[in-house]
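For reference, the structure is listed below as structure tokens.
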Amino acid sequence: MKHRMVFSLLCGILIALPGMAFAADTTLGMELWSRWTMSSGISAADSSSSVIKNNSLALERGYLDLKTKFSEQTSARFTVDMFSTDAHKDGAGLKLKYAFMDFGDIIPIPDAKLSVGLQKVYFGTIYDWDYTLIGKAPSDEYKLANSADYGISVNGYLPSGFGEYALGVYNGEGYKNFGSNLKDNTNMEFLANLRLTPITGLTLGGSFMTNSVEREKALATDLPVSGYQTQILIDALARVAYGPAVFTVEYLSKDVEYPNVNDGSKDYTASGISIIPVLNLRHYIEHDVQLVGRYDRWDETDNASNKHLLQAITGGINYNLMHNDSYSPALQLQLNATHKSYDADESAASYDHKLKDSLTVMAQLKWRFSSKL
Amino acid sequence: MRKFTIILLILTLAIGFAYAKKNQITCSGSTTVLPIAQAGAEAYMDAHPDVNISVRGGGSGVGIAALQNGTVQIANSSRPIKSKEVSACKAKGINPTPYAVANDGIAIVVHKSNHVKDLSVAQIKDIYTGKISNWKELGGASLPIVIVSRDVASGTFEVFNEKALNGAKVVASAQLLASNNAVVSAVESTPGAIGYAGLGYITPEVNIVSVERVTPSTSTVKDGSYKLSRKLYMYTNGKATGDVGSFIGWLQSAAGQKIVEEQGFISIR
């Protein structure tokens with residue numbers, strides 16, 4: 001069965017690629033991230049000296065991207081995600097990241113499109129996170145949303161640049177899961193996202209999503225599954241862009257209920273905030289250099305099974321060495337240092353004594369290119 | 001005292017950089033607007049030796065993206081900016097402000113030997129979507145139609161697609177070319193060809209076909225009776241001021257519009 005699925009997938013790709021290549025307008029692009037990571041922390045409780053826990057080089061991500069415009073209103077995207085550092089030991093892994101079509105002429109609303117397939121999840125900042133910092137978007141980092149998922153969405157732009165919106169229905173399991181990994185969950189994930197730019201440089205937005213994990217009743221026995229959980233996920237965003245500075249504040253909330261656990265002891269609410277300042281220096285020093293920072297506070301002290309209060313501070317610098325025609329970075333060198341600390345009083349014992357505190361330094365060379373076929 | 005000296009040094013450097021860049025104008029974008037921007041820049045720099053204007057092509061979308069990234073002061077565009085682009089600009093603190101610098105008609109051109117003189121918008125759509133494939137269906141010779149179009153990223157294509165094709169898909173067999181010049185050259189050398197390009201690029205080596213019995217001209221483009229007419233724009237971040245404002249103002253003036261007409265486009269005055 002598995003072989004048949006892989007065979008079908010390969011056949012699909014082989015059929016789709018030439019079709020896309022000979023469509024009206026096709027762009028082939030690639031993006032690669034080569035990363036050095038070194039992290040340190042203490043190895044034993046109450047130890048006074050830290051040890052290096054990770055010191056490694058990896059091709060963290062590689063995206064092979066085909067975008068095609070069949071017509072002014074119909075386009076498609078097909079992206080393969082290559083990686084060398086996940087759990088597999090095969091040297092490199094391969095996942096489908098995006099495989100969707102956009103239809104601009106089905107929805108009778110100007111500047112709206114219907115997207116069908118494995119596509120972006122329009123939650124928080126995850127869908128337009130451009131990795132100005134090396135780390136993930138807050139909603140990805142704290143496991144509120146997946147960056148891509150199988151679904152159907154209506155998304156578009158408000159008139160006069162007033163903002164954007166999206167409504168979507170997804171599997172809710174992300175692009176990494178399919179088939180048996182879906183854990184028999186038949187509930188869909190529902191999403192609403194709105195971003196407004198009432199005045200130039202000021203963006204205010206919010207996302208709301210409902211999701212569930214596992215199945216309410218076991219398929220074989222029809223008995224309640226204790227691990228079944230329902231989630232309400234909320235994101236609020238404020239961003240100010242003024243001159244060379246961009247200042248982003250994102251608030252996240254995750255409300256989890258276990259309906260099959262009667263005493264409610266497993267229910268919890270987690271919330272957090274991310275503050276991200278970015279300063280572009282290119283207008284002052286003749287080089288495209290950015291200073292970046294980030295402060296995260298993630299409070300999951302209400303979660304009995306994983307109680308912790310995290311504070312993380314990141315500082316970094318980006319040097320954009322080469323650019324494409326529209327001056328987006330084509331070759332970028334990034335250096336980030338992140339210190340994570342867990343509050344000893346508010347976190348579970350496994351986080352105590354600074355056991356999970358860490359200092360991580362990452363240097364990343366990122367390059368991207370694209371060309372019309 | 002040392003802190004004061006450092007702050008003073010930083011301020012001096014910042015002001016120095018600001019002044020060093022004061023007379024530099026950068027613009028990029030539409031290949032249609034490119035000859036206007038180039039000729040205009042040359043004439044303006046002759047009259048203002050202290051100003052240096054660099055002009056690049058790339059396409060309307062590229063120019064607007066560069067404006068959005070804050071790396072050019074002027075984005076040349078042969079189409080109005082899209083909601084998606086306005087939204088992206090505004091979110092980055094950029095307020096794209098249009099300045100019309102010329103009128104243009106997208107002329108439909110055929111080979112010199114082709115005797116078809118007029119097409120309706122519906123016929124143009126049928127040709128470009130593959131429903132009509134031979135000139136004899138339009139009263140011409142029995143000759144297969146060779147469709148020449150701009151690539152879909154071009155602003156000229158987007159205006160043509162909206163005004164002539166109503167968003168329909170161009171037939172897959174069409175030749176997609178990257179510039180107005182390339183389209184005209186292809187039509188010039190191919191007996192069955194049909195193409196379209198901005199008026200400024202049309203040479204005597206091809207025939208212009210009227211649309212709905214209206215030939216693109218100064219008067220028909222200006223009064224809008226020619227259905228494939230459009231305005232050409234320069235976009236700036238907010239109201240154009242300083243050297244950028246002076247340059248665009250000059251391009252819109254009688255002197256600047258003379259340059260526009262010399263390049264084969266139609267004055268906005």
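Each chain in the structure tokens gets a letter, A, B, ..., in the order shown, and its residues are numbered from 1; ligands are numbered from 1 in order too.
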
Using only C-alpha atoms, what table do you get, as a tab-separated table, when you list each residue of chain A with an atom no more than 10 Å from chain B, its nearest pair of atoms, and their distance in Å rounded to one decimal, rows by chain then rising number?
residue	atom	partner	partner_atom	distance
A:Phe22	CA	B:Ala172	CA	7.9
A:Ala23	CA	B:Ala172	CA	6.7
A:Ala24	CA	B:Ala172	CA	6.0
A:Asp25	CA	B:Val152	CA	6.6
A:Thr26	CA	B:Val152	CA	9.8
A:Lys69	CA	B:Val152	CA	7.7
A:Phe70	CA	B:Lys169	CA	6.9
A:Ser71	CA	B:Lys169	CA	4.6
A:Glu72	CA	B:Gly167	CA	6.0
A:Gln73	CA	B:Gly167	CA	6.8
A:Thr74	CA	B:Lys169	CA	8.6
A:Gly104	CA	B:Gly167	CA	9.9
A:Asp105	CA	B:Gly167	CA	8.7
A:Pro110	CA	B:Ser83	CA	9.3
A:Asp111	CA	B:Ser83	CA	7.1
A:Gly156	CA	B:Lys84	CA	8.0
A:Tyr157	CA	B:Lys84	CA	5.9
A:Leu158	CA	B:Ser83	CA	7.0
A:Pro159	CA	B:Ser83	CA	6.0
A:Ser160	CA	B:Ser83	CA	6.0
A:Gly161	CA	B:Ser87	CA	3.8
A:Phe162	CA	B:Ser87	CA	6.3
A:Gly163	CA	B:Ser87	CA	5.7
A:Glu164	CA	B:Ser87	CA	7.5
A:Arg195	CA	B:Ala91	CA	9.7
A:Leu196	CA	B:Ala91	CA	8.9
A:Thr197	CA	B:Ala91	CA	6.3
A:Pro198	CA	B:Lys90	CA	9.0
A:Ile199	CA	B:Lys90	CA	7.5
A:Thr200	CA	B:Lys90	CA	4.6
A:Gly201	CA	B:Gly93	CA	3.5
A:Leu202	CA	B:Ala91	CA	6.3
A:Thr203	CA	B:Ala91	CA	5.9
A:Leu204	CA	B:Ala91	CA	9.5
A:Arg239	CA	B:Ala91	CA	8.0
A:Val240	CA	B:Gly93	CA	7.8
A:Ala241	CA	B:Gly93	CA	5.0
A:Tyr242	CA	B:Gly93	CA	5.7
A:Gly243	CA	B:Gly93	CA	7.1
A:Pro244	CA	B:Gly70	CA	9.0
A:Ala245	CA	B:Lys92	CA	9.5
A:Val246	CA	B:Lys92	CA	7.8
A:Arg282	CA	B:Thr71	CA	9.2
A:His283	CA	B:Phe17	CA	8.0
A:Tyr284	CA	B:Phe17	CA	6.1
A:Ile285	CA	B:Phe17	CA	7.7
A:Glu286	CA	B:Phe17	CA	8.7
A:Asn324	CA	B:Val62	CA	9.4
A:Asp325	CA	B:Val62	CA	6.5
A:Ser326	CA	B:Ala66	CA	4.3
A:Tyr327	CA	B:Ala66	CA	5.8
A:Ser328	CA	B:Asn69	CA	7.2

Which residues are close to Thr269 (chain A), i.e. within 8 Å by only C-alpha atoms, leaving aside same-chain residues fewer than 2 positions away? Reply as an mmCIF file with N, CA, C and O atoms, in the first residue's frame.
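Result file is result_2.cif:
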data_model
loop_
_atom_site.group_PDB
_atom_site.id
_atom_site.type_symbol
_atom_site.label_atom_id
_atom_site.label_comp_id
_atom_site.auth_asym_id
_atom_site.auth_seq_id
_atom_site.Cartn_x
_atom_site.Cartn_y
_atom_site.Cartn_z
ATOM 1 N N SER A 253 -2.315 32.842 21.814
ATOM 2 C CA SER A 253 -3.033 32.152 22.885
ATOM 3 C C SER A 253 -3.518 30.796 22.387
ATOM 4 O O SER A 253 -3.990 30.674 21.250
ATOM 5 N N LYS A 254 -3.394 29.806 23.254
ATOM 6 C CA LYS A 254 -3.780 28.437 22.892
ATOM 7 C C LYS A 254 -4.621 27.883 24.034
ATOM 8 O O LYS A 254 -4.127 27.732 25.156
ATOM 9 N N ASP A 255 -5.874 27.629 23.738
ATOM 10 C CA ASP A 255 -6.800 27.127 24.752
ATOM 11 C C ASP A 255 -7.112 25.668 24.426
ATOM 12 O O ASP A 255 -7.729 25.371 23.404
ATOM 13 N N VAL A 256 -6.671 24.755 25.300
ATOM 14 C CA VAL A 256 -6.786 23.315 25.012
ATOM 15 C C VAL A 256 -7.722 22.646 26.010
ATOM 16 O O VAL A 256 -7.574 22.827 27.218
ATOM 17 N N ASP A 267 -6.972 20.151 31.012
ATOM 18 C CA ASP A 267 -7.253 21.377 30.251
ATOM 19 C C ASP A 267 -6.243 22.463 30.621
ATOM 20 O O ASP A 267 -5.837 22.569 31.789
ATOM 21 N N SER A 271 -0.176 31.036 26.687
ATOM 22 C CA SER A 271 -0.142 32.286 25.924
ATOM 23 C C SER A 271 1.270 32.855 25.910
ATOM 24 O O SER A 271 2.115 32.460 26.733
ATOM 25 N N GLU A 300 3.337 28.536 29.649
ATOM 26 C CA GLU A 300 2.540 27.310 29.580
ATOM 27 C C GLU A 300 2.456 26.697 30.987
ATOM 28 O O GLU A 300 2.448 25.470 31.161
ATOM 29 N N ASP A 302 0.100 26.622 32.949
ATOM 30 C CA ASP A 302 -1.212 26.019 33.236
ATOM 31 C C ASP A 302 -1.290 24.569 32.737
ATOM 32 O O ASP A 302 -2.237 23.851 33.032
ATOM 33 N N ASN A 303 -0.284 24.158 31.984
ATOM 34 C CA ASN A 303 -0.289 22.813 31.389
ATOM 35 C C ASN A 303 0.385 21.836 32.348
ATOM 36 O O ASN A 303 1.614 21.838 32.492
#

(request) Pick out the residues sitting within 8 Å of region 250-263 of chain B, and hand them over as number ranges by chain; count only C-alpha atoms, and ignore anything fewer than 4 positions along from it in its own chain. (result) B: 35-36, 39-40, 44, 100-102, 200, 246, 267-269

(request) List every residue of region 193-324 of chain A that DSSP, applied to the backbone of this structure, places in alpha helix (DSSP H), and write the result as JSON, numbers by chain. (result) {"A": [282, 283, 284, 285]}

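Residues surrounding region 121-124 of chain A within 7 Å are Tyr127, Ser139, Ala145, Asn146, Ser147, Ala148, Asp149, Ala166, Asn193, Gly206, Ser207 and Asp235 of chain A [only C-alpha atoms; sequence separation below 3 positions excluded].
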
For the selection just defined, write its residues with all heavy atoms to a file, as a compact mmCIF listing (two decimals), in the first residue's frame.
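Below is the file again08.txt, written as the result:
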# COMPACT_ATOMS: atom_id res chain seq x y z
N TYR A 127 2.48 32.59 7.72
CA TYR A 127 2.33 32.48 6.26
C TYR A 127 3.18 33.49 5.48
O TYR A 127 3.36 33.33 4.28
CB TYR A 127 0.85 32.58 5.85
CG TYR A 127 0.21 33.92 6.06
CD1 TYR A 127 0.12 34.86 5.05
CD2 TYR A 127 -0.36 34.25 7.28
CE1 TYR A 127 -0.49 36.08 5.23
CE2 TYR A 127 -0.98 35.47 7.49
CZ TYR A 127 -1.04 36.38 6.47
OH TYR A 127 -1.65 37.59 6.66
N SER A 139 4.08 31.34 16.04
CA SER A 139 3.02 30.33 16.04
C SER A 139 3.53 28.95 15.62
O SER A 139 2.94 27.93 15.95
CB SER A 139 1.85 30.77 15.16
OG SER A 139 2.30 31.29 13.94
N ALA A 145 0.36 26.48 15.02
CA ALA A 145 -0.06 26.27 13.63
C ALA A 145 1.09 25.67 12.83
O ALA A 145 2.25 25.83 13.19
CB ALA A 145 -0.48 27.60 13.00
N ASN A 146 0.72 25.00 11.77
CA ASN A 146 1.71 24.48 10.83
C ASN A 146 1.87 25.49 9.69
O ASN A 146 0.92 26.19 9.33
CB ASN A 146 1.24 23.15 10.25
CG ASN A 146 1.15 22.09 11.33
OD1 ASN A 146 2.15 21.61 11.84
ND2 ASN A 146 -0.07 21.74 11.70
N SER A 147 3.05 25.53 9.12
CA SER A 147 3.28 26.51 8.06
C SER A 147 2.54 26.15 6.77
O SER A 147 2.24 27.02 5.96
CB SER A 147 4.77 26.66 7.78
OG SER A 147 5.33 25.42 7.42
N ALA A 148 2.24 24.87 6.58
CA ALA A 148 1.48 24.45 5.38
C ALA A 148 0.60 23.26 5.76
O ALA A 148 0.91 22.50 6.66
CB ALA A 148 2.43 24.06 4.25
N ASP A 149 -0.50 23.14 5.05
CA ASP A 149 -1.42 22.05 5.33
C ASP A 149 -2.31 21.83 4.10
O ASP A 149 -2.45 22.71 3.25
CB ASP A 149 -2.29 22.40 6.54
CG ASP A 149 -2.87 21.17 7.22
OD1 ASP A 149 -2.78 20.06 6.63
OD2 ASP A 149 -3.42 21.31 8.33
N ALA A 166 -8.27 36.02 5.02
CA ALA A 166 -8.30 34.62 4.58
C ALA A 166 -9.29 33.84 5.43
O ALA A 166 -9.44 34.09 6.63
CB ALA A 166 -6.91 34.00 4.70
N ASN A 193 -8.58 34.83 9.23
CA ASN A 193 -7.45 35.74 9.42
C ASN A 193 -7.79 37.10 8.79
O ASN A 193 -8.35 37.17 7.70
CB ASN A 193 -6.20 35.17 8.74
CG ASN A 193 -5.00 36.09 8.89
OD1 ASN A 193 -4.64 36.47 10.00
ND2 ASN A 193 -4.40 36.47 7.78
N GLY A 206 -5.38 39.92 13.25
CA GLY A 206 -5.70 38.84 14.17
C GLY A 206 -6.09 37.59 13.43
O GLY A 206 -6.57 37.64 12.29
N SER A 207 -5.84 36.46 14.05
CA SER A 207 -6.22 35.17 13.46
C SER A 207 -6.97 34.35 14.52
O SER A 207 -6.68 34.46 15.72
CB SER A 207 -5.00 34.36 13.04
OG SER A 207 -4.15 35.11 12.23
N ASP A 235 -4.37 34.66 17.60
CA ASP A 235 -3.16 35.44 17.37
C ASP A 235 -3.56 36.90 17.16
O ASP A 235 -4.55 37.18 16.49
CB ASP A 235 -2.44 34.92 16.12
CG ASP A 235 -1.23 35.75 15.74
OD1 ASP A 235 -1.41 36.82 15.13
OD2 ASP A 235 -0.12 35.32 16.07

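Counting from CA of Met38 (chain A), the distance to CA of Arg297 (chain A) is 22.3 Å.
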
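In terms of minimum interatomic distance to Val55 (chain B), B:Cys27 ranks closest within B:Cys27, B:Ala75, B:Thr203, B:Pro191, counting only C-alpha atoms.
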
Give the strand (DSSP E) residues of region 40-213 of chain B, as DSSP finds them on the backbone, and put them as a CSV table (one decimal) with N, CA, C and O atoms, in the first residue's frame.
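Contents of selection_18.csv, freshly written:
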chain,number,residue,atom,x,y,z
B,52,ASN,N,22.1,63.0,-10.6
B,52,ASN,CA,22.4,61.7,-11.3
B,52,ASN,C,21.2,60.8,-11.2
B,52,ASN,O,20.8,60.5,-10.2
B,53,ILE,N,20.7,60.4,-12.4
B,53,ILE,CA,19.5,59.5,-12.4
B,53,ILE,C,19.9,58.2,-13.0
B,53,ILE,O,20.4,58.2,-14.2
B,54,SER,N,19.7,57.1,-12.3
B,54,SER,CA,20.0,55.8,-12.9
B,54,SER,C,18.6,55.1,-13.2
B,54,SER,O,17.7,55.2,-12.4
B,55,VAL,N,18.6,54.6,-14.4
B,55,VAL,CA,17.3,54.0,-14.9
B,55,VAL,C,17.5,52.5,-15.2
B,55,VAL,O,18.5,52.2,-15.9
B,56,ARG,N,16.6,51.7,-14.7
B,56,ARG,CA,16.7,50.2,-15.1
B,56,ARG,C,15.3,49.8,-15.5
B,56,ARG,O,14.3,50.3,-15.1
B,57,GLY,N,15.3,48.7,-16.2
B,57,GLY,CA,14.0,48.1,-16.7
B,57,GLY,C,13.6,47.0,-15.7
B,57,GLY,O,13.7,47.2,-14.5
B,58,GLY,N,13.2,45.8,-16.2
B,58,GLY,CA,12.9,44.7,-15.3
B,58,GLY,C,11.4,44.4,-15.3
B,58,GLY,O,11.0,43.2,-15.0
B,74,ILE,N,11.8,55.8,-7.6
B,74,ILE,CA,10.7,55.8,-8.6
B,74,ILE,C,10.5,54.4,-9.2
B,74,ILE,O,11.5,53.8,-9.6
B,75,ALA,N,9.2,54.0,-9.2
B,75,ALA,CA,8.9,52.7,-9.9
B,75,ALA,C,8.1,53.1,-11.1
B,75,ALA,O,7.1,53.7,-11.1
B,76,ASN,N,8.7,52.6,-12.3
B,76,ASN,CA,8.0,52.9,-13.5
B,76,ASN,C,7.0,51.8,-13.8
B,76,ASN,O,7.3,50.6,-13.6
B,77,SER,N,5.8,52.1,-14.2
B,77,SER,CA,4.8,51.1,-14.4
B,77,SER,C,3.9,51.4,-15.6
B,77,SER,O,3.4,52.5,-15.7
B,96,PRO,N,2.6,54.2,-2.0
B,96,PRO,CA,2.8,54.3,-3.4
B,96,PRO,C,1.9,55.4,-4.0
B,96,PRO,O,0.7,55.3,-3.9
B,97,THR,N,2.5,56.4,-4.6
B,97,THR,CA,1.8,57.5,-5.2
B,97,THR,C,2.0,57.6,-6.7
B,97,THR,O,3.2,57.7,-7.1
B,98,PRO,N,0.9,57.6,-7.5
B,98,PRO,CA,1.1,57.6,-8.9
B,98,PRO,C,1.3,59.0,-9.5
B,98,PRO,O,0.6,59.9,-9.1
B,99,TYR,N,2.1,59.0,-10.5
B,99,TYR,CA,2.2,60.2,-11.4
B,99,TYR,C,2.1,59.8,-12.8
B,99,TYR,O,3.0,59.0,-13.3
B,100,ALA,N,1.1,60.2,-13.5
B,100,ALA,CA,1.0,59.8,-14.9
B,100,ALA,C,2.0,60.6,-15.7
B,100,ALA,O,2.1,61.9,-15.5
B,101,VAL,N,2.8,60.0,-16.5
B,101,VAL,CA,3.8,60.7,-17.3
B,101,VAL,C,3.6,60.6,-18.8
B,101,VAL,O,4.2,61.4,-19.6
B,102,ALA,N,2.7,59.7,-19.2
B,102,ALA,CA,2.4,59.6,-20.7
B,102,ALA,C,1.1,58.9,-20.9
B,102,ALA,O,0.7,58.1,-20.0
B,103,ASN,N,0.6,59.1,-22.1
B,103,ASN,CA,-0.5,58.2,-22.5
B,103,ASN,C,0.1,57.3,-23.5
B,103,ASN,O,1.0,57.6,-24.2
B,104,ASP,N,-0.5,56.1,-23.6
B,104,ASP,CA,0.0,55.1,-24.6
B,104,ASP,C,-1.2,54.3,-25.1
B,104,ASP,O,-2.2,54.1,-24.4
B,105,GLY,N,-1.1,53.9,-26.3
B,105,GLY,CA,-2.1,53.0,-26.9
B,105,GLY,C,-1.3,51.6,-27.2
B,105,GLY,O,-0.2,51.7,-27.6
B,106,ILE,N,-2.0,50.6,-26.8
B,106,ILE,CA,-1.4,49.3,-27.2
B,106,ILE,C,-1.8,49.0,-28.6
B,106,ILE,O,-3.0,48.7,-28.8
B,107,ALA,N,-0.9,49.1,-29.5
B,107,ALA,CA,-1.2,48.9,-30.9
B,107,ALA,C,-1.2,47.4,-31.3
B,107,ALA,O,-0.3,46.7,-30.9
B,108,ILE,N,-2.2,47.0,-32.1
B,108,ILE,CA,-2.2,45.6,-32.6
B,108,ILE,C,-1.5,45.7,-34.0
B,108,ILE,O,-1.8,46.5,-34.8
B,109,VAL,N,-0.5,44.8,-34.1
B,109,VAL,CA,0.3,44.9,-35.3
B,109,VAL,C,0.3,43.5,-36.0
B,109,VAL,O,0.3,42.5,-35.4
B,110,VAL,N,0.4,43.6,-37.4
B,110,VAL,CA,0.5,42.4,-38.2
B,110,VAL,C,1.6,42.6,-39.2
B,110,VAL,O,2.1,43.7,-39.4
B,111,HIS,N,1.9,41.5,-39.9
B,111,HIS,CA,2.9,41.6,-40.9
B,111,HIS,C,2.6,42.6,-42.0
B,111,HIS,O,1.4,42.8,-42.3
B,118,ASP,N,-8.8,45.8,-39.8
B,118,ASP,CA,-9.5,46.1,-38.6
B,118,ASP,C,-9.9,44.8,-37.8
B,118,ASP,O,-10.3,43.8,-38.5
B,119,LEU,N,-9.9,44.9,-36.5
B,119,LEU,CA,-10.4,43.8,-35.7
B,119,LEU,C,-11.2,44.3,-34.6
B,119,LEU,O,-11.0,45.4,-34.1
B,146,VAL,N,0.0,33.3,-36.5
B,146,VAL,CA,1.1,33.1,-35.5
B,146,VAL,C,0.9,34.1,-34.4
B,146,VAL,O,1.0,35.3,-34.7
B,147,ILE,N,0.6,33.7,-33.2
B,147,ILE,CA,0.3,34.6,-32.1
B,147,ILE,C,1.6,35.0,-31.3
B,147,ILE,O,2.3,34.1,-30.9
B,148,VAL,N,1.8,36.3,-31.2
B,148,VAL,CA,3.0,36.8,-30.5
B,148,VAL,C,2.4,37.6,-29.3
B,148,VAL,O,1.6,38.5,-29.5
B,149,SER,N,2.9,37.3,-28.2
B,149,SER,CA,2.4,38.0,-27.0
B,149,SER,C,3.6,38.4,-26.1
B,149,SER,O,4.7,37.9,-26.2
B,150,ARG,N,3.3,39.3,-25.1
B,150,ARG,CA,4.3,39.6,-24.1
B,150,ARG,C,4.2,38.5,-23.0
B,150,ARG,O,3.2,37.9,-22.8
B,175,GLN,N,3.8,32.6,-28.9
B,175,GLN,CA,5.2,33.0,-28.6
B,175,GLN,C,5.2,34.1,-27.5
B,175,GLN,O,4.6,35.1,-27.7
B,176,LEU,N,5.8,33.8,-26.4
B,176,LEU,CA,5.8,34.8,-25.3
B,176,LEU,C,7.2,35.5,-25.3
B,176,LEU,O,8.2,34.9,-25.1
B,177,LEU,N,7.2,36.8,-25.6
B,177,LEU,CA,8.5,37.5,-25.7
B,177,LEU,C,8.6,38.6,-24.6
B,177,LEU,O,7.6,39.1,-24.1
B,193,ALA,N,2.0,36.6,-38.6
B,193,ALA,CA,2.0,36.9,-37.1
B,193,ALA,C,1.0,38.1,-36.8
B,193,ALA,O,0.7,39.0,-37.6
B,194,ILE,N,0.6,38.1,-35.5
B,194,ILE,CA,-0.1,39.2,-34.9
B,194,ILE,C,0.6,39.4,-33.6
B,194,ILE,O,0.9,38.5,-32.9
B,195,GLY,N,0.7,40.7,-33.2
B,195,GLY,CA,1.3,41.0,-31.9
B,195,GLY,C,0.8,42.3,-31.4
B,195,GLY,O,-0.1,42.9,-32.1
B,196,TYR,N,1.3,42.7,-30.3
B,196,TYR,CA,0.8,44.0,-29.7
B,196,TYR,C,2.0,44.6,-29.0
B,196,TYR,O,2.9,43.9,-28.4
B,197,ALA,N,2.1,46.0,-29.0
B,197,ALA,CA,3.2,46.7,-28.4
B,197,ALA,C,2.7,48.1,-28.1
B,197,ALA,O,1.8,48.6,-28.8
B,198,GLY,N,3.4,48.8,-27.2
B,198,GLY,CA,3.2,50.2,-27.0
B,198,GLY,C,3.5,51.0,-28.2
B,198,GLY,O,4.4,50.6,-29.0
B,206,VAL,N,5.8,47.2,-39.8
B,206,VAL,CA,4.7,46.4,-39.5
B,206,VAL,C,3.4,47.2,-39.8
B,206,VAL,O,3.5,48.5,-39.8
B,207,ASN,N,2.3,46.6,-40.0
B,207,ASN,CA,1.0,47.3,-40.1
B,207,ASN,C,0.3,47.4,-38.8
B,207,ASN,O,0.2,46.4,-38.1
B,208,ILE,N,-0.3,48.6,-38.6
B,208,ILE,CA,-1.1,48.7,-37.4
B,208,ILE,C,-2.6,48.4,-37.8
B,208,ILE,O,-3.1,48.9,-38.8
B,209,VAL,N,-3.2,47.6,-37.0
B,209,VAL,CA,-4.6,47.2,-37.3
B,209,VAL,C,-5.5,48.1,-36.3
B,209,VAL,O,-5.2,48.2,-35.1
B,210,SER,N,-6.5,48.7,-36.9
B,210,SER,CA,-7.5,49.4,-36.0
B,210,SER,C,-8.3,48.5,-35.2
B,210,SER,O,-8.5,47.3,-35.6
B,211,VAL,N,-8.8,49.0,-34.1
B,211,VAL,CA,-9.6,48.2,-33.2
B,211,VAL,C,-11.0,48.8,-33.1
B,211,VAL,O,-11.1,50.0,-32.7

(message) Neighbouring residues of Tyr98 (chain A) were defined as those with any atom within 8 Å, considering only C-alpha atoms; residues of the same chain fewer than 3 positions away were excluded. Please report them as a PyMOL selection string.
(response) chain A and resi 77-80+117-120+148

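With distances restricted to only C-alpha atoms, A:Leu59 is the closest residue to Ala92 (chain A) from A:Leu59, A:Ile313, A:Val261, A:Ile109.
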
(message) Just the number, please: distance in Å from CA of Met45 (chain B) to CA of Ser78 (chain B), one decimal.
(response) 23.5 Å

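Each of B:Gly242, B:Gly155, B:Gly192, B:Pro144 was compared to Ala178 (chain B) using only C-alpha atoms, and B:Gly155 turns out to be the nearest.
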
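Distances here use only C-alpha atoms; by that measure, the residue among A:Trp36, A:Trp367, A:Tyr251, A:Phe190 closest to Tyr319 (chain A) is A:Trp367.
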
(message) I'd like the neighbourhood of Arg368 (chain A) as an MDAnalysis selection string, where a residue qualifies if any of its atoms comes within 9 Å (using only C-alpha atoms), though same-chain residues fewer than 4 positions away should be ignored.
(response) chainID A and resid 29:33 63 329:332

(request) Quick one: everything within 8 Å of region 42-51 of chain A, counting only C-alpha atoms, minus sequence neighbours fewer than 6 positions away in the same chain. Send it as a PyMOL selection string. (result) chain A and resi 352-358

Those residues you just picked out, can you put them in a file as an mmCIF file, in the first residue's frame with N, CA and C atoms?
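Okay, selection-v8.cif is ready:
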data_model
loop_
_atom_site.group_PDB
_atom_site.id
_atom_site.type_symbol
_atom_site.label_atom_id
_atom_site.label_comp_id
_atom_site.auth_asym_id
_atom_site.auth_seq_id
_atom_site.Cartn_x
_atom_site.Cartn_y
_atom_site.Cartn_z
ATOM 1 N N ASP A 352 13.833 22.825 36.001
ATOM 2 C CA ASP A 352 14.452 23.507 37.134
ATOM 3 C C ASP A 352 15.978 23.409 37.051
ATOM 4 N N HIS A 353 16.624 24.137 37.903
ATOM 5 C CA HIS A 353 18.095 24.140 37.994
ATOM 6 C C HIS A 353 18.744 24.508 36.648
ATOM 7 N N LYS A 354 18.034 25.245 35.851
ATOM 8 C CA LYS A 354 18.536 25.704 34.528
ATOM 9 C C LYS A 354 18.892 24.540 33.606
ATOM 10 N N LEU A 355 18.264 23.389 33.837
ATOM 11 C CA LEU A 355 18.606 22.195 33.051
ATOM 12 C C LEU A 355 18.325 22.362 31.561
ATOM 13 N N LYS A 356 17.293 23.132 31.245
ATOM 14 C CA LYS A 356 16.969 23.295 29.821
ATOM 15 C C LYS A 356 17.305 24.691 29.309
ATOM 16 N N ASP A 357 17.925 25.492 30.152
ATOM 17 C CA ASP A 357 18.365 26.813 29.671
ATOM 18 C C ASP A 357 19.469 26.603 28.634
ATOM 19 N N SER A 358 19.520 27.480 27.698
ATOM 20 C CA SER A 358 20.528 27.265 26.642
ATOM 21 C C SER A 358 20.963 28.588 26.018
#
